[in-house]
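Q: run_6.cif is reproduced below (mmCIF, C-alpha atoms).
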data_query
loop_
_atom_site.label_atom_id
_atom_site.label_comp_id
_atom_site.auth_asym_id
_atom_site.auth_seq_id
_atom_site.Cartn_x
_atom_site.Cartn_y
_atom_site.Cartn_z
CA MET A 1 6.33 32.72 2.00
CA THR A 2 5.86 30.93 -1.34
CA MET A 3 4.16 33.11 -3.92
CA PRO A 4 1.27 31.41 -5.73
CA TYR A 5 2.86 31.85 -9.14
CA ASP A 6 6.32 30.63 -8.11
CA GLY A 7 6.93 26.89 -8.18
CA ARG A 8 10.68 26.90 -8.74
CA PRO A 9 12.81 24.49 -6.69
CA ARG A 10 14.18 25.90 -3.45
CA LEU A 11 17.20 25.05 -1.36
CA ALA A 12 16.60 23.51 2.05
CA PRO A 13 16.26 26.20 4.75
CA GLU A 14 19.30 26.95 6.88
CA ARG A 15 19.52 25.55 10.39
CA ASN A 16 20.31 28.68 12.36
CA ASP A 17 17.94 28.38 15.33
CA PRO A 18 20.12 27.71 18.41
CA THR A 19 17.11 26.33 20.31
CA ALA A 20 16.28 23.70 17.66
CA LEU A 21 16.95 20.05 18.35
CA SER A 22 19.52 18.34 16.16
CA PRO A 23 18.04 16.02 13.51
CA GLU A 24 18.99 13.03 15.67
CA GLU A 25 17.37 14.50 18.77
CA PHE A 26 14.27 15.50 16.83
CA GLU A 27 13.92 12.01 15.35
CA THR A 28 13.89 10.53 18.85
CA ASP A 29 11.48 13.18 20.14
CA PHE A 30 9.11 12.80 17.20
CA CYS A 31 9.06 8.99 17.08
CA GLU A 32 8.69 8.58 20.84
CA ALA A 33 5.76 11.01 20.96
CA LEU A 34 4.09 9.43 17.93
CA VAL A 35 4.49 5.81 19.04
CA SER A 36 3.46 6.42 22.65
CA THR A 37 0.36 8.34 21.53
CA LEU A 38 -0.73 5.61 19.13
CA MET A 39 -0.11 2.88 21.70
CA ALA A 40 -2.23 4.80 24.23
CA THR A 41 -5.27 4.60 21.90
CA GLY A 42 -5.59 0.90 22.74
CA ILE A 43 -6.17 -0.17 19.14
CA LYS A 44 -5.31 -3.83 18.60
CA PRO A 45 -4.66 -5.27 15.13
CA GLY A 46 -6.80 -7.96 13.58
CA PRO A 47 -10.09 -9.59 14.61
CA PRO A 48 -10.90 -10.60 18.21
CA ALA A 49 -9.52 -13.91 19.43
CA GLY A 50 -11.62 -17.06 19.46
CA LEU A 51 -13.64 -16.51 16.27
CA ASP A 52 -14.23 -19.29 13.79
CA HIS A 53 -12.98 -18.70 10.25
CA GLU A 54 -16.34 -17.57 8.90
CA LYS A 55 -16.85 -14.93 11.57
CA ALA A 56 -13.20 -13.81 11.39
CA ARG A 57 -13.54 -13.26 7.64
CA LEU A 58 -16.78 -11.33 8.07
CA TRP A 59 -15.15 -9.21 10.77
CA HIS A 60 -12.18 -8.40 8.56
CA GLY A 61 -14.32 -7.77 5.48
CA THR A 62 -16.44 -5.33 7.47
CA TYR A 63 -13.30 -3.70 8.86
CA LEU A 64 -12.07 -3.10 5.30
CA GLN A 65 -15.53 -1.91 4.26
CA TYR A 66 -15.36 0.97 6.74
CA MET A 67 -11.61 1.57 6.41
CA SER A 68 -12.24 2.23 2.71
CA PHE A 69 -13.14 5.87 3.45
CA PHE A 70 -9.73 6.48 5.03
CA ALA A 71 -7.93 4.50 2.30
CA TRP A 72 -9.66 6.48 -0.45
CA LYS A 73 -9.00 9.89 1.15
CA PHE A 74 -5.39 9.26 2.22
CA PRO A 75 -3.75 10.09 -1.14
CA SER A 76 -5.97 13.17 -1.49
CA TRP A 77 -4.60 14.49 1.80
CA LEU A 78 -1.07 13.85 0.60
CA MET A 79 -1.76 15.73 -2.62
CA SER A 80 -3.20 18.67 -0.67
CA ILE A 81 0.12 18.87 1.19
CA ALA A 82 2.09 18.62 -2.07
CA SER A 83 0.09 21.54 -3.48
CA LEU A 84 1.28 23.70 -0.56
CA CYS A 85 4.89 22.54 -0.45
CA PRO A 86 7.55 24.31 -2.55
CA TYR A 87 10.23 21.61 -2.13
CA GLN A 88 10.67 19.19 -5.00
CA ASP A 89 12.03 16.30 -2.93
CA VAL A 90 8.97 16.38 -0.65
CA ARG A 91 6.63 16.52 -3.63
CA THR A 92 8.53 13.63 -5.27
CA GLU A 93 8.15 11.45 -2.15
CA ILE A 94 4.43 12.24 -1.98
CA ILE A 95 3.92 11.44 -5.67
CA LYS A 96 5.67 8.06 -5.27
CA ASP A 97 3.37 7.26 -2.37
CA CYS A 98 0.28 8.32 -4.32
CA VAL A 99 1.30 6.17 -7.30
CA ASP A 100 1.26 3.10 -5.02
CA GLU A 101 -2.04 4.17 -3.51
CA GLU A 102 -3.97 5.03 -6.69
CA VAL A 103 -2.08 3.97 -9.81
CA GLY A 104 -0.25 0.69 -9.25
CA ASP A 105 2.29 -0.87 -6.89
CA VAL A 106 4.85 -3.33 -8.26
CA ASP A 107 4.79 -5.05 -4.84
CA ALA A 108 1.03 -5.64 -5.31
CA ASP A 109 1.43 -7.15 -8.79
CA GLY A 110 0.57 -3.79 -10.34
CA SER A 111 -2.66 -3.24 -8.41
CA CYS A 112 -3.17 0.02 -6.55
CA HIS A 113 -3.77 -0.14 -2.81
CA ILE A 114 -7.47 0.74 -2.92
CA ASP A 115 -8.08 -2.12 -5.37
CA VAL A 116 -6.16 -4.47 -3.07
CA LEU A 117 -8.59 -3.45 -0.32
CA TYR A 118 -11.63 -4.16 -2.51
CA GLU A 119 -10.24 -7.54 -3.60
CA GLU A 120 -9.42 -8.62 -0.06
CA ALA A 121 -12.84 -7.55 1.25
CA ALA A 122 -14.49 -9.59 -1.53
CA VAL A 123 -12.52 -12.69 -0.49
CA CYS A 124 -13.96 -12.14 3.00
CA GLY A 125 -17.52 -11.86 1.69
CA VAL A 126 -18.01 -8.09 1.34
CA SER A 127 -18.31 -7.03 -2.30
CA ARG A 128 -17.06 -3.84 -3.91
CA GLU A 129 -20.69 -2.91 -4.57
CA GLU A 130 -21.50 -3.22 -0.87
CA ILE A 131 -18.53 -1.03 0.03
CA LEU A 132 -19.51 1.62 -2.51
CA ALA A 133 -23.03 1.71 -1.04
CA THR A 134 -21.74 2.12 2.52
CA GLU A 135 -22.09 5.42 4.37
CA PRO A 136 -19.67 6.52 7.11
CA THR A 137 -20.93 7.00 10.64
CA PRO A 138 -20.80 10.45 12.31
CA PRO A 139 -17.60 9.66 14.29
CA MET A 140 -15.90 8.56 11.04
CA ILE A 141 -17.04 11.73 9.26
CA ALA A 142 -15.68 13.85 12.12
CA CYS A 143 -12.28 12.13 11.85
CA ILE A 144 -12.14 12.44 8.06
CA LEU A 145 -13.01 16.14 8.23
CA ALA A 146 -10.38 16.67 10.95
CA TRP A 147 -7.68 15.24 8.66
CA GLU A 148 -9.09 17.26 5.77
CA ASN A 149 -8.76 20.46 7.80
CA MET A 150 -5.26 19.63 9.04
CA THR A 151 -3.96 19.21 5.50
CA ARG A 152 -5.65 22.35 4.17
CA THR A 153 -5.34 24.86 7.01
CA LEU A 154 -1.97 24.08 8.60
CA GLY A 155 1.33 24.83 6.90
CA TRP A 156 2.66 22.11 4.64
CA LEU A 157 5.12 20.77 7.22
CA PRO A 158 2.69 20.16 10.13
CA GLY A 159 0.14 18.87 7.63
CA PHE A 160 2.79 16.49 6.31
CA ALA A 161 3.66 15.42 9.87
CA ALA A 162 -0.01 14.70 10.56
CA ILE A 163 -0.59 12.47 7.54
CA ALA A 164 2.89 11.04 6.97
CA GLY A 165 3.08 10.27 10.69
CA LEU A 166 0.52 7.52 10.14
CA GLU A 167 3.09 5.81 7.88
CA ILE A 168 6.16 6.88 9.85
CA VAL A 169 4.83 4.87 12.81
CA ASN A 170 5.80 1.75 10.80
CA SER A 171 9.25 3.04 9.82
CA GLU A 172 12.42 1.39 11.10
CA ALA A 173 13.06 4.27 13.50
CA ALA A 174 9.57 4.01 15.01
CA ILE A 175 9.75 0.22 15.26
CA LYS A 176 12.95 0.54 17.30
CA VAL A 177 11.14 2.94 19.64
CA ARG A 178 8.24 0.49 20.00
CA GLU A 179 10.72 -2.28 20.84
CA ARG A 180 12.14 -0.08 23.62
CA PHE A 181 8.65 0.62 24.95
CA THR A 182 7.57 -3.04 24.79
CA SER A 183 9.84 -5.76 23.44
CA ALA A 184 11.06 -7.16 20.13
CA ALA A 185 8.83 -10.20 20.67
CA GLN A 186 5.72 -8.04 21.07
CA VAL A 187 6.59 -6.04 17.97
CA GLU A 188 6.97 -9.29 16.03
CA GLN A 189 3.62 -10.52 17.32
CA MET A 190 1.99 -7.28 16.18
CA ALA A 191 3.50 -7.80 12.72
CA GLN A 192 2.00 -11.30 12.65
CA ASP A 193 -1.42 -9.93 13.65
CA MET A 194 -1.15 -7.23 10.98
CA GLY A 195 -1.00 -9.63 8.06
CA GLY A 196 1.46 -12.35 9.00
CA GLN A 197 0.91 -16.07 9.36
CA ALA A 198 -1.09 -15.69 12.59
CA PHE A 199 -3.49 -13.37 10.77
CA ASN A 200 -3.93 -15.79 7.86
CA GLU A 201 -4.65 -18.63 10.26
CA LYS A 202 -7.35 -16.62 12.06
CA LEU A 203 -9.19 -16.14 8.77
CA GLY A 204 -8.44 -19.57 7.32
CA LEU A 205 -7.09 -18.07 4.10
CA GLU A 206 -3.79 -18.23 2.24
CA GLN A 207 -1.28 -15.39 2.37
CA SER A 208 -1.81 -14.74 -1.35
CA GLN A 209 -5.47 -13.90 -0.60
CA LEU A 210 -4.65 -11.40 2.15
CA LYS A 211 -2.35 -8.62 1.01
CA PHE A 212 -3.76 -5.34 2.32
CA LEU A 213 -2.43 -5.14 5.89
CA ALA A 214 0.84 -6.94 5.15
CA LEU A 215 1.45 -4.77 2.09
CA HIS A 216 0.92 -1.57 4.06
CA SER A 217 3.16 -2.66 6.92
CA TYR A 218 5.89 -3.44 4.39
CA LYS A 219 5.49 -0.33 2.23
CA ASP A 220 5.17 2.00 5.22
CA ARG A 221 8.70 1.07 6.29
CA PHE A 222 9.96 2.63 3.06
CA HIS A 223 7.50 5.49 2.60
CA GLY A 224 7.57 6.27 6.33
CA GLY A 225 11.36 6.24 6.40
CA GLY A 226 11.56 8.64 3.46
CA GLU A 227 8.93 10.91 4.98
CA LEU A 228 10.74 10.97 8.31
CA ARG A 229 14.01 12.00 6.64
CA LEU A 230 12.21 14.91 4.98
CA LEU A 231 10.66 16.06 8.27
CA LEU A 232 14.11 16.00 9.88
CA LYS A 233 15.47 18.03 6.97
CA TYR A 234 12.84 20.78 6.89
CA ALA A 235 11.86 21.13 10.56
CA ASN A 236 14.77 23.50 11.07
CA THR A 237 13.42 25.58 13.98
CA ARG A 238 12.22 24.57 17.43
CA ALA A 239 8.80 26.05 16.68
CA LEU A 240 8.43 23.91 13.54
CA GLN A 241 9.63 20.83 15.41
CA GLN A 242 7.08 21.36 18.17
CA GLU A 243 4.33 21.99 15.64
CA ALA A 244 5.23 18.79 13.80
CA VAL A 245 5.08 16.73 17.00
CA TRP A 246 1.73 18.31 17.93
CA ALA A 247 0.27 17.62 14.48
CA ALA A 248 1.50 14.00 14.40
CA THR A 249 0.26 13.15 17.89
CA THR A 250 -3.08 14.86 17.28
CA SER A 251 -3.46 12.85 14.07
CA ALA A 252 -2.60 9.66 15.98
CA LYS A 253 -5.38 10.44 18.48
CA ILE A 254 -7.82 10.99 15.59
CA TYR A 255 -6.69 7.67 14.12
CA GLY A 256 -7.46 6.07 17.47
CA VAL A 257 -11.02 7.42 17.45
CA HIS A 258 -11.47 6.32 13.83
CA GLY A 259 -9.95 2.89 14.40
CA LEU A 260 -12.07 2.16 17.46
CA GLU A 261 -15.20 3.12 15.52
CA VAL A 262 -14.27 0.83 12.62
CA ARG A 263 -13.62 -2.03 15.05
CA ARG A 264 -16.97 -1.37 16.76
CA LEU A 265 -18.75 -1.70 13.41
CA ALA A 266 -16.86 -4.90 12.61
CA ASP A 267 -17.80 -6.31 16.01
CA LEU A 268 -21.48 -5.49 15.38
CA ALA A 269 -21.35 -7.34 12.05
CA ILE A 270 -20.57 -10.60 13.86
CA GLY A 271 -22.94 -10.03 16.77
CA LEU A 272 -20.51 -8.58 19.32
CA GLY A 273 -21.23 -5.38 21.26
CA ALA A 274 -24.37 -3.31 21.07
#
Do you think you could lay out the structure here as structure tokens?

A:
Amino acid sequence: MTMPYDGRPRLAPERNDPTALSPEEFETDFCEALVSTLMATGIKPGPPAGLDHEKARLWHGTYLQYMSFFAWKFPSWLMSIASLCPYQDVRTEIIKDCVDEEVGDVDADGSCHIDVLYEEAAVCGVSREEILATEPTPPMIACILAWENMTRTLGWLPGFAAIAGLEIVNSEAAIKVRERFTSAAQVEQMAQDMGGQAFNEKLGLEQSQLKFLALHSYKDRFHGGGELRLLLKYANTRALQQEAVWAATTSAKIYGVHGLEVRRLADLAIGLGA
């Protein structure tokens, strides 16, 4: 146990549990569970098919309006985990991620990710002032509080698995798993729908005006890959490995509930659903 006054660097724990999976086996186990759980939620990227440009932009602007709660809280959850973790390399990875999220990302021309969200929503017709005046719905509040509890009440490693798993799902290792579960063509199509040319065409905007989804897909490959390596390093017992898988898949299910609610609200904004 880490004492509250002791923040000195620690060596990685020894791997002396004979029942633990090897790092390679655990990577496969973790990524397969995470990807299959997220795929089972049924969330589809981007606006519905068949919309004209005006409605597609309103849909996406509303989507960002309600995703702003998650985007704003995400770095706070990471910092909660860092406050519990005694390992400097984990804390360093988290800090790098939080700099992109809240300070400035060189791949976003120096803007932080939450500002990229506000700017993209404004291009789609939803102002920063409208977003700041928005209140989350009860299902969104329940999801946000679930993530809040996971990062504060679990140990640092399962908490890290829960939150980092949402980025790890876009890592190279997870993409390879998704290709096995579907196909390389379907994975490429998803990338297009998540901020590629197909996405730009749906909204009738230039790529330079739409950075949020594409930026996150790109950055998650790096942040997610680094986070996955750290999970493989520190999940040194079978119990920790199982707890990490449980936390990540539970978080993916929460993300599914949250994502479906955000899509429902975006649909309502353009007159779909009830």

Q: Rank A:Ala142, A:Leu11, A:Leu154, A:Ala173 by their smallest atom-to-atom distance to Tyr87 in chain A, using all atoms listed in the file, and report the top residue only.

A: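 Residue with the minimum atom-to-atom distance to Tyr87 in chain A: A:Leu11.
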
Q: Please expand the PyMOL selection byres ((chain A and resi 226) around 12) into the concrete residues it hits in this file, giving the result as a ChimeraX atom specification.

A: /A:89-94,96-97,164-165,167-168,170-173,219-225,227-233

Q: Given the choices A:Leu64, A:Ile114, A:Ala121, A:Ala235, which gets closest to Arg15 in chain A if the distance is worked out from only C-alpha atoms?

A: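 Counting only C-alpha atoms, the residue closest to Arg15 in chain A is A:Ala235.
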
Q: Quick one: apply the PyMOL selection byres ((chain A and resi 155) around 10) to the file and drop the selected residues here as a list in words.

A: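 Checking the PyMOL selection byres ((chain A and resi 155) around 10) against this file, the residues are Ile81, Leu84, Cys85, Met150, Thr151, Arg152, Thr153, Leu154, Trp156, Leu157, Pro158, Gly159, Phe160, Leu240, Glu243 and Ala244 of chain A.
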
Q: Using C-alpha atoms, can you export the residues from the last selection as a compact mmCIF listing (two decimals), keeping the file's coordinate frame?

A:
# COMPACT_ATOMS: atom_id res chain seq x y z
CA ILE A 81 0.12 18.87 1.19
CA LEU A 84 1.28 23.70 -0.56
CA CYS A 85 4.89 22.54 -0.45
CA MET A 150 -5.26 19.63 9.04
CA THR A 151 -3.96 19.21 5.50
CA ARG A 152 -5.65 22.35 4.17
CA THR A 153 -5.34 24.86 7.01
CA LEU A 154 -1.97 24.08 8.60
CA TRP A 156 2.66 22.11 4.64
CA LEU A 157 5.12 20.77 7.22
CA PRO A 158 2.69 20.16 10.13
CA GLY A 159 0.14 18.87 7.63
CA PHE A 160 2.79 16.49 6.31
CA LEU A 240 8.43 23.91 13.54
CA GLU A 243 4.33 21.99 15.64
CA ALA A 244 5.23 18.79 13.80

Q: Pick out the closest residue to Phe70 in chain A from this set: A:Pro13, A:Gly46, A:Pro136, A:Pro23. Count all atoms listed in the file.

A: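 The closest residue to Phe70 in chain A is A:Pro136.
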